[in-house]
Structure formats: C-alpha cells, structure tokens
Amino acid sequence: MKATGIVRRIDDLGRIVIPKEIRKTMRIREGDALEIFTSSEGEVVFKKYSPVGEMAGFVGRYAEVLSRLSGLPALICDRDHVVAAAGVPKKDLLQRRISASLEQLTDARKSYSRERGAAPLQPAEGCEAVCVSYPILSDSDVTGSVMLLGEQPPTEVQTKLTQAAASFLGKQMES
C-alpha cells in the first residue's frame, strides 16, 4: 500500500474525512459506495464498490455475445474502469481507467452515437474509438456504460443492441 503522509482522526461519531487529494486521485465522489474490510496485518482498507465489477464474469460473457451479434468490439465499464472486453485484446484493456470524456458522458446519463466527421470519443487511452455507448442505470443510479467500438457510425441494429444490453445489465443489478 502506498503511504500518503496524511493523518486523520476519527470523530466522536466514528467518522473520518478522506482527504481531497485522495478523493480526486481515486475519483471518489459524494454518494459513492465504499467497501470496508481489514487485512491480516491490521489494516483497514477502503475500496470503491462497483456493482458492475461484482458481476465481472457475467458481464464478460455478455460482452462476448454482444460483440458476436454486433460484429464490433464491445466494452462494459463501471464508472471508472473497463470491466469487460470482447473482440479486442482483454489484457490491454481490462481494469484500464476510462477517459474523462467518457466519464462525463456517463455521469450525465447520456448516450453517444458516432456521426460522420465528428471528433472520436476515446473510451480509454490507447483504445479504438466508440461507435455507440449507453449508460447502465440501476435503481436510477448510473453504474457504468456499455459500448461498441468502431470507426463508422453505428447501424440501427447496433444501437438497439447496445441500448438493450445497458438496460438488461441495469435490471440485473436491481434484482
């Protein structure tokens, strides 16, 4: 674990403030869920909770099916990282941090569809451009996004497949 040199005291209600520098670096926002667990060395560890990440095996298989049906590479991300990839080398993309532009788009609950001549949207550094993207909404919270990658604008079928995938994954997380 990396030492930060920052010390905080617990208040009388058992609360502790996570320093702004750490929140910014780790992209921890107000309302984010954190998992709290202990290590065998007596450390208390805070980890960002990702409902999409909890379903990594399932969303990985879902990405494979989506890629096969659409004919394009598919990515499924939580609010911070790529969780599943299909049709592209996984080792290069899994757990890679998403781009700031994709993060803003997802947080705004907006879908994206590439248009001819428009500037490409990069999902992560060194990754092919996004063709179409839809946010995953679960219990009215944004939990991530589903996207297809490609240089051309999406077909109507590719758009509907991506939209259905995002909707289905959101419903899966609610149950």
# chains A, B, ... in the order shown; residues from 1 in each chain; ligands from 1
>>> select_by_dssp(residues="segment 98-161 of chain A", states="strand (DSSP E)", output="ChimeraX atom specification")
/A:112-113,130-138,141-149
>>> select_by_dssp(residues="chain A", states="alpha helix (DSSP H)", output="VMD selection string")
chain A and resid 20 to 25 51 to 54 56 to 70 90 to 93 100 to 107 156 to 174
>>> residues_around(residues="segment 82-97 of chain A", least_positions_apart="5", cutoff="9 Å", atoms="only C-alpha atoms", output="ChimeraX atom specification")
/A:52-53,55-57,59-68,71-77,123-127
>>> closest_atom_pairs(of="segment 27-117 of chain A", to="segment 128-132 of chain A", cutoff="8 Å", atoms="only C-alpha atoms", output="tab-separated table")
residue	atom	partner	partner_atom	distance
A:Ser111	CA	A:Val132	CA	7.5
A:Tyr112	CA	A:Val132	CA	5.4
A:Ser113	CA	A:Val132	CA	4.4
A:Arg114	CA	A:Cys131	CA	5.1
>>> write_last_selection(atoms="N, CA and C atoms", output="PDB file, in the first residue's frame")
ATOM      1  N   SER A 111     -26.403   9.032 -23.832  1.00  0.00           N
ATOM      2  CA  SER A 111     -25.907   8.040 -24.778  1.00  0.00           C
ATOM      3  C   SER A 111     -25.055   8.779 -25.816  1.00  0.00           C
ATOM      4  N   TYR A 112     -24.302   8.012 -26.587  1.00  0.00           N
ATOM      5  CA  TYR A 112     -23.436   8.588 -27.613  1.00  0.00           C
ATOM      6  C   TYR A 112     -23.548   7.724 -28.852  1.00  0.00           C
ATOM      7  N   SER A 113     -23.662   8.385 -29.991  1.00  0.00           N
ATOM      8  CA  SER A 113     -23.671   7.692 -31.261  1.00  0.00           C
ATOM      9  C   SER A 113     -22.747   8.461 -32.208  1.00  0.00           C
ATOM     10  N   ARG A 114     -21.743   7.784 -32.699  1.00  0.00           N
ATOM     11  CA  ARG A 114     -20.750   8.443 -33.553  1.00  0.00           C
ATOM     12  C   ARG A 114     -21.394   8.914 -34.857  1.00  0.00           C
TER      13      ARG A 114
END
>>> closest_residue(among="A:Lys171, A:Arg27, A:Lys48, A:Arg8", to="Ile136 of chain A", atoms="only C-alpha atoms")
A:Lys171
>>> atom_distance(atom1="atom CA of Thr143 of chain A", atom2="atom CA of Ala165 of chain A")
13.3 Å
>>> closest_residue(among="A:Ser138, A:Ser70, A:Gln163, A:Gln104", to="Gly150 of chain A", atoms="only C-alpha atoms")
A:Ser70
>>> closest_residue(among="A:Leu105, A:Leu13, A:Leu121, A:Met173", to="Ser145 of chain A", atoms="only C-alpha atoms")
A:Leu105
>>> decode(residues="segment 57-118 of chain A", atoms="C-alpha atoms", output="PDB file, in the first residue's frame")
ATOM      1  CA  GLY A  57     -17.757 -12.883 -15.011  1.00  0.00           C
ATOM      2  CA  PHE A  58     -21.334 -12.380 -16.157  1.00  0.00           C
ATOM      3  CA  VAL A  59     -20.661  -9.071 -17.943  1.00  0.00           C
ATOM      4  CA  GLY A  60     -17.608 -10.653 -19.610  1.00  0.00           C
ATOM      5  CA  ARG A  61     -19.797 -13.326 -21.154  1.00  0.00           C
ATOM      6  CA  TYR A  62     -22.405 -10.713 -22.042  1.00  0.00           C
ATOM      7  CA  ALA A  63     -19.738  -8.620 -23.812  1.00  0.00           C
ATOM      8  CA  GLU A  64     -18.731 -11.705 -25.854  1.00  0.00           C
ATOM      9  CA  VAL A  65     -22.314 -12.232 -27.022  1.00  0.00           C
ATOM     10  CA  LEU A  66     -22.792  -8.523 -27.761  1.00  0.00           C
ATOM     11  CA  SER A  67     -19.587  -8.433 -29.821  1.00  0.00           C
ATOM     12  CA  ARG A  68     -20.575 -11.530 -31.795  1.00  0.00           C
ATOM     13  CA  LEU A  69     -24.090 -10.226 -32.529  1.00  0.00           C
ATOM     14  CA  SER A  70     -22.999  -6.699 -33.459  1.00  0.00           C
ATOM     15  CA  GLY A  71     -19.828  -7.602 -35.357  1.00  0.00           C
ATOM     16  CA  LEU A  72     -17.902  -4.957 -33.375  1.00  0.00           C
ATOM     17  CA  PRO A  73     -15.660  -4.993 -30.306  1.00  0.00           C
ATOM     18  CA  ALA A  74     -17.645  -4.461 -27.093  1.00  0.00           C
ATOM     19  CA  LEU A  75     -16.662  -2.887 -23.765  1.00  0.00           C
ATOM     20  CA  ILE A  76     -18.552  -2.785 -20.483  1.00  0.00           C
ATOM     21  CA  CYS A  77     -17.309  -0.279 -17.922  1.00  0.00           C
ATOM     22  CA  ASP A  78     -18.187   0.753 -14.410  1.00  0.00           C
ATOM     23  CA  ARG A  79     -17.921   4.454 -13.578  1.00  0.00           C
ATOM     24  CA  ASP A  80     -14.122   4.305 -13.502  1.00  0.00           C
ATOM     25  CA  HIS A  81     -12.647   1.271 -15.262  1.00  0.00           C
ATOM     26  CA  VAL A  82     -13.121  -1.189 -18.092  1.00  0.00           C
ATOM     27  CA  VAL A  83     -14.681  -4.296 -16.518  1.00  0.00           C
ATOM     28  CA  ALA A  84     -15.226  -6.491 -19.599  1.00  0.00           C
ATOM     29  CA  ALA A  85     -13.998  -6.508 -23.190  1.00  0.00           C
ATOM     30  CA  ALA A  86     -14.682  -8.684 -26.223  1.00  0.00           C
ATOM     31  CA  GLY A  87     -13.336  -8.515 -29.759  1.00  0.00           C
ATOM     32  CA  VAL A  88     -10.162  -6.745 -28.567  1.00  0.00           C
ATOM     33  CA  PRO A  89      -7.149  -7.959 -26.550  1.00  0.00           C
ATOM     34  CA  LYS A  90      -8.518  -8.125 -22.992  1.00  0.00           C
ATOM     35  CA  LYS A  91      -5.170  -7.892 -21.235  1.00  0.00           C
ATOM     36  CA  ASP A  92      -4.639  -4.466 -22.823  1.00  0.00           C
ATOM     37  CA  LEU A  93      -7.965  -3.020 -21.659  1.00  0.00           C
ATOM     38  CA  LEU A  94      -9.283  -4.726 -18.539  1.00  0.00           C
ATOM     39  CA  GLN A  95      -9.060  -2.501 -15.455  1.00  0.00           C
ATOM     40  CA  ARG A  96      -7.857   0.420 -17.584  1.00  0.00           C
ATOM     41  CA  ARG A  97      -9.213   3.751 -16.352  1.00  0.00           C
ATOM     42  CA  ILE A  98     -11.881   5.258 -18.607  1.00  0.00           C
ATOM     43  CA  SER A  99     -11.300   8.627 -20.251  1.00  0.00           C
ATOM     44  CA  ALA A 100     -12.532  11.854 -18.665  1.00  0.00           C
ATOM     45  CA  SER A 101     -14.831  12.487 -21.652  1.00  0.00           C
ATOM     46  CA  LEU A 102     -16.486   9.057 -21.298  1.00  0.00           C
ATOM     47  CA  GLU A 103     -16.786   9.574 -17.546  1.00  0.00           C
ATOM     48  CA  GLN A 104     -18.559  12.926 -18.089  1.00  0.00           C
ATOM     49  CA  LEU A 105     -20.877  11.422 -20.701  1.00  0.00           C
ATOM     50  CA  THR A 106     -21.795   8.513 -18.424  1.00  0.00           C
ATOM     51  CA  ASP A 107     -22.285  10.703 -15.338  1.00  0.00           C
ATOM     52  CA  ALA A 108     -24.602  12.931 -17.397  1.00  0.00           C
ATOM     53  CA  ARG A 109     -26.669   9.805 -18.262  1.00  0.00           C
ATOM     54  CA  LYS A 110     -26.242  10.493 -21.959  1.00  0.00           C
ATOM     55  CA  SER A 111     -25.907   8.040 -24.778  1.00  0.00           C
ATOM     56  CA  TYR A 112     -23.436   8.588 -27.613  1.00  0.00           C
ATOM     57  CA  SER A 113     -23.671   7.692 -31.261  1.00  0.00           C
ATOM     58  CA  ARG A 114     -20.750   8.443 -33.553  1.00  0.00           C
ATOM     59  CA  GLU A 115     -21.533  10.690 -36.502  1.00  0.00           C
ATOM     60  CA  ARG A 116     -19.533  11.069 -39.711  1.00  0.00           C
ATOM     61  CA  GLY A 117     -16.819  13.703 -39.399  1.00  0.00           C
ATOM     62  CA  ALA A 118     -17.324  14.142 -35.633  1.00  0.00           C
TER      63      ALA A 118
END
